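Participant: Right, I'll just put the structure down here and ask away after.
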Amino acid sequence: MRESESVELKKSLAELKQGLISMVAILNKLGAGELWFGVAPNGSVVGLDANEKSLRDVSQTIGSHIEPRIYPHIELVQLGGKSCLHITFSGQEMPYFAYGRTYMRVADEDRQLTTRELEKLILHKHKEAMRWDNEPCDALSLNGLDTAKIRRFVERAGLTWDTAENALDKLGLRQNGKLLNAAKLFFSTEPPLQLRCAVFATTSSSTIIDRHDFDGDILELIEEAQKYILKNIHIGMRLEGLYRVDVPEISMAALREAIINAFCHRDYRDPDYIHVAIFKNRVEIRNPGGLYDGLTMEEMRQGNVSRRRNPLIADLFRRIQMVEGWGRGMPLIFENAPSVQFRQIAGLFIASFERPSFVEEASQETVDKSAETTGKTTGKTTGKAGLLLEQVRRNPQITTPELAVLLGLTEDGVNYHLRKLQKDGLLKRTGGRKSGYWEVLDVNKQSNQIE
């Protein structure tokens, strides 16, 4: 026999007060445990002189000094021919107090809780009842829900459709005939949420070049967030056989997971919005509400750990296979975007994704300045610009995506060179985007200039 988080050993009833403190500490940590009198902390049986009156006295002391009241099982048992007092106890009405104070079991020790720790323990006890997604929405009725949305969701979840009422019951979105807040997020006829998106001119928020606010339900806004990001980041290309495949500069699998997480785990009691902020060097997805229920950044990064602020919303996402039930979201993000950064600031949780094009553009500007200096000195068109002119001369109908692949640039990088060469009078575009072609001006002269 040895002491542990759930077992406390005392030599005699002279340690009864400390024994009750241990009971409370174990109850607050595990909800059940054992207390022995007549056994030393090292596990050796020393026995004690006890009788039926001793049992009654112990029971009365427990009833007088532990709150809320518990009803332990107390008995005399023989260990190695010696009498010992064995108490088994349990309770689920945390926090428990002994002599007016509350304690928590840490390994085999009893630690008195601070006021802040006690507040967290009380909140943890009541968190199910205090969940926003699980609260009745008194202002919402069946007439305020879109039956077509409900039916599409039910079919997508692989459930059998009969009526909207039965579907809501199957999804756990009604309690005692009242609709819950989560039902409003997914199926309301009026847009229940707003998403705010912006594109900034630099790496700071000093200058906005585009801004758009979207109103809709939770599933609609997830799609709008993805489309807005795709519209405002660079899209490259790779060839698979004869077909072109678009390749965003940031993995959409990682971005989508971060967007879903923002809507799934945000604090809906906070009136702030989810924001998508696109800077020159990064894309940020921001949601009100930090990590939940004591989850740390390190635990989150390790993956396979889930602390869900809105488990009903998370379950609805799981039903339509938008999230898994095994805490796999973060590993998926790290796998597809290893450089992602997470931080918490002023009650916001922020996922920040680097834009590789920013590094490339900065590097390209340096190359271009160097090439410009060399060109002025030697009178030759060098570097990527020279290679581009050579490819255009060989194939006047070459496309921007094809040039990007051949030169190892983004399409924006190719367009930069095309505009500069046209401005310098070295290149001319004839015709439209689909039927037109490029013309290198003064071909004989350029052939001598290209290095």
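A note on labels: chains of the structure tokens are A, B, ... as shown, every chain counts residues from 1, and ligands are counted from 1 in their shown order.
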Can you tell me, as a PyMOL selection string, what residues are no more than 6 Å from region 331-342 of chain A when counting only C-alpha atoms, ignoring any on the same chain fewer than 2 positions away?
Facilitator: chain A and resi 254+303+328-329+350-353
Participant: Write out as a PyMOL selection string the set of residues from region 22-147 of chain A that DSSP, computed on the backbone, places in strand (DSSP E or B).
Facilitator: chain A and resi 32-37+39+45+66-67+73-79+82-90+97-98+101+103-106+109-112+136+145
Participant: Identify which of the residues A:Ser206, A:Thr61, A:Asn42, A:Ser6 lies closest to Met104 (chain A), counting only C-alpha atoms when measuring atom-to-atom distances.
Facilitator: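 Result for the nearest residue to Met104 (chain A): A:Ser6.
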Participant: Taking only C-alpha atoms into account, name the residue in A:Val414, A:Leu13, A:Ile278, A:Leu219 that is nearest to Pro191 (chain A).
Facilitator: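 Result for the nearest residue to Pro191 (chain A): A:Leu219.
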Participant: Near Cys84 (chain A), within 7 Å and counting only C-alpha atoms, which residues show up once chain neighbours fewer than 4 positions away are dropped, as a list in words?
Facilitator: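 Here the qualifying residues turn out to be Phe37, Gly38, Gly47, Leu48, Leu76, Val77, Gln78 and Leu79 of chain A.
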Participant: Could you jot down the CA of Leu407 (chain A) to CA of Ala253 (chain A) separation for me, Å, one decimal place?
Facilitator: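 Distance between the two atoms: 27.0 Å.
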Participant: Please provide the set of residues having any atom within 12 Å of Glu3 (chain A), restricted to only C-alpha atoms, with same-chain residues fewer than 4 positions apart removed, written as a list in words.
Facilitator: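 My reading of the contact set: Val7, Glu8, Leu9, Lys10, Ser22, Ile26, Gly33, Glu34, Leu35, Trp36, Val39, Ala40, Pro41, Asn42, Gly43, Ser44, Arg105, Val106, Ala107, Asp108, Glu109 and Asp110 of chain A.
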Participant: State, in Å with one decimal place, the distance from CA of Leu140 (chain A) to CA of Phe187 (chain A).
Facilitator: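 One can read the CA of Leu140 (chain A) to CA of Phe187 (chain A) distance as 10.8 Å.
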Participant: Which of these residues is nearest to Ala277 (chain A), using only C-alpha atoms: A:Ile320, A:Ile209, A:Ile222, A:Met1?
Facilitator: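 Ranked by minimum distance to Ala277 (chain A), first place goes to A:Ile209.
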Participant: Of the residues A:Asn281, A:Thr160, A:Ser12, A:Gln18, which is the one nearest to Tyr103 (chain A), using only C-alpha atoms?
Facilitator: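 Going through A:Asn281, A:Thr160, A:Ser12, A:Gln18 one by one, the smallest distance to Tyr103 (chain A) is for A:Gln18.
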Participant: Can you list every residue in region 230-438 of chain A that DSSP puts in helix (DSSP H, G or I), as JSON, numbers by chain?
Facilitator: {"A": [230, 231, 232, 252, 253, 254, 255, 256, 257, 258, 259, 260, 261, 262, 263, 264, 265, 297, 298, 299, 300, 301, 302, 311, 312, 313, 314, 315, 316, 317, 318, 319, 329, 330, 331, 332, 333, 334, 335, 336, 356, 357, 358, 359, 360, 361, 362, 363, 364, 365, 366, 367, 368, 369, 370, 371, 372, 373, 374, 375, 376, 377, 378, 383, 384, 385, 386, 387, 388, 389, 390, 391, 392, 393, 394, 400, 401, 402, 403, 404, 405, 406, 407, 411, 412, 413, 414, 415, 416, 417, 418, 419, 420, 421, 422, 423]}
Participant: Taking only C-alpha atoms into account, which of A:Leu145, A:Leu195, A:Lys53, A:Leu123 comes nearest Tyr292 (chain A)?
Facilitator: A:Leu123
Participant: Quick one: distance from CA of Glu52 (chain A) to CA of Leu27 (chain A) in Å, one decimal?
Facilitator: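 Result for CA of Glu52 (chain A) versus CA of Leu27 (chain A): 25.6 Å, one decimal.
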Participant: Gln321 (chain A): which residues within 12 Å, counting only C-alpha atoms, same-chain residues fewer than 3 positions away excluded, as a PyMOL selection string?
Facilitator: chain A and resi 153+156-158+257+260+314-318+324-325
Participant: Go ahead and dump the residues you just picked, C-alpha atoms, as a compact mmCIF listing (two decimals), in the first residue's frame.
Facilitator:
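Wrote out06.txt, looks like this:
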# COMPACT_ATOMS: atom_id res chain seq x y z
CA PHE A 153 -27.34 19.52 -43.85
CA ARG A 156 -24.93 15.78 -46.16
CA ALA A 157 -24.65 14.19 -42.70
CA GLY A 158 -26.07 10.92 -44.03
CA GLU A 257 -8.69 24.23 -41.26
CA ILE A 260 -13.10 26.35 -39.57
CA ALA A 314 -17.96 21.08 -33.20
CA ASP A 315 -20.23 18.03 -33.33
CA LEU A 316 -22.27 19.57 -36.16
CA PHE A 317 -19.07 20.18 -38.13
CA ARG A 318 -18.00 16.60 -37.44
CA GLU A 324 -12.49 15.25 -36.96
CA GLY A 325 -13.24 14.20 -33.42
Participant: At a cut-off of 9 Å, using only C-alpha atoms, what residues contact region 232-240 of chain A? Leave out same-chain residues fewer than 5 positions from it and give the result as a list in words.
Facilitator: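 Close residues of region 232-240 of chain A: Val199, Lys227, Val245, Asp246, Val247, Pro248, Glu249, Ile250, Ile278, Lys280, Val283, Arg355, Ser357, Pro401, Glu402, Ala404, Val405, Leu409, Thr410, Glu411 and Asp412 of chain A.
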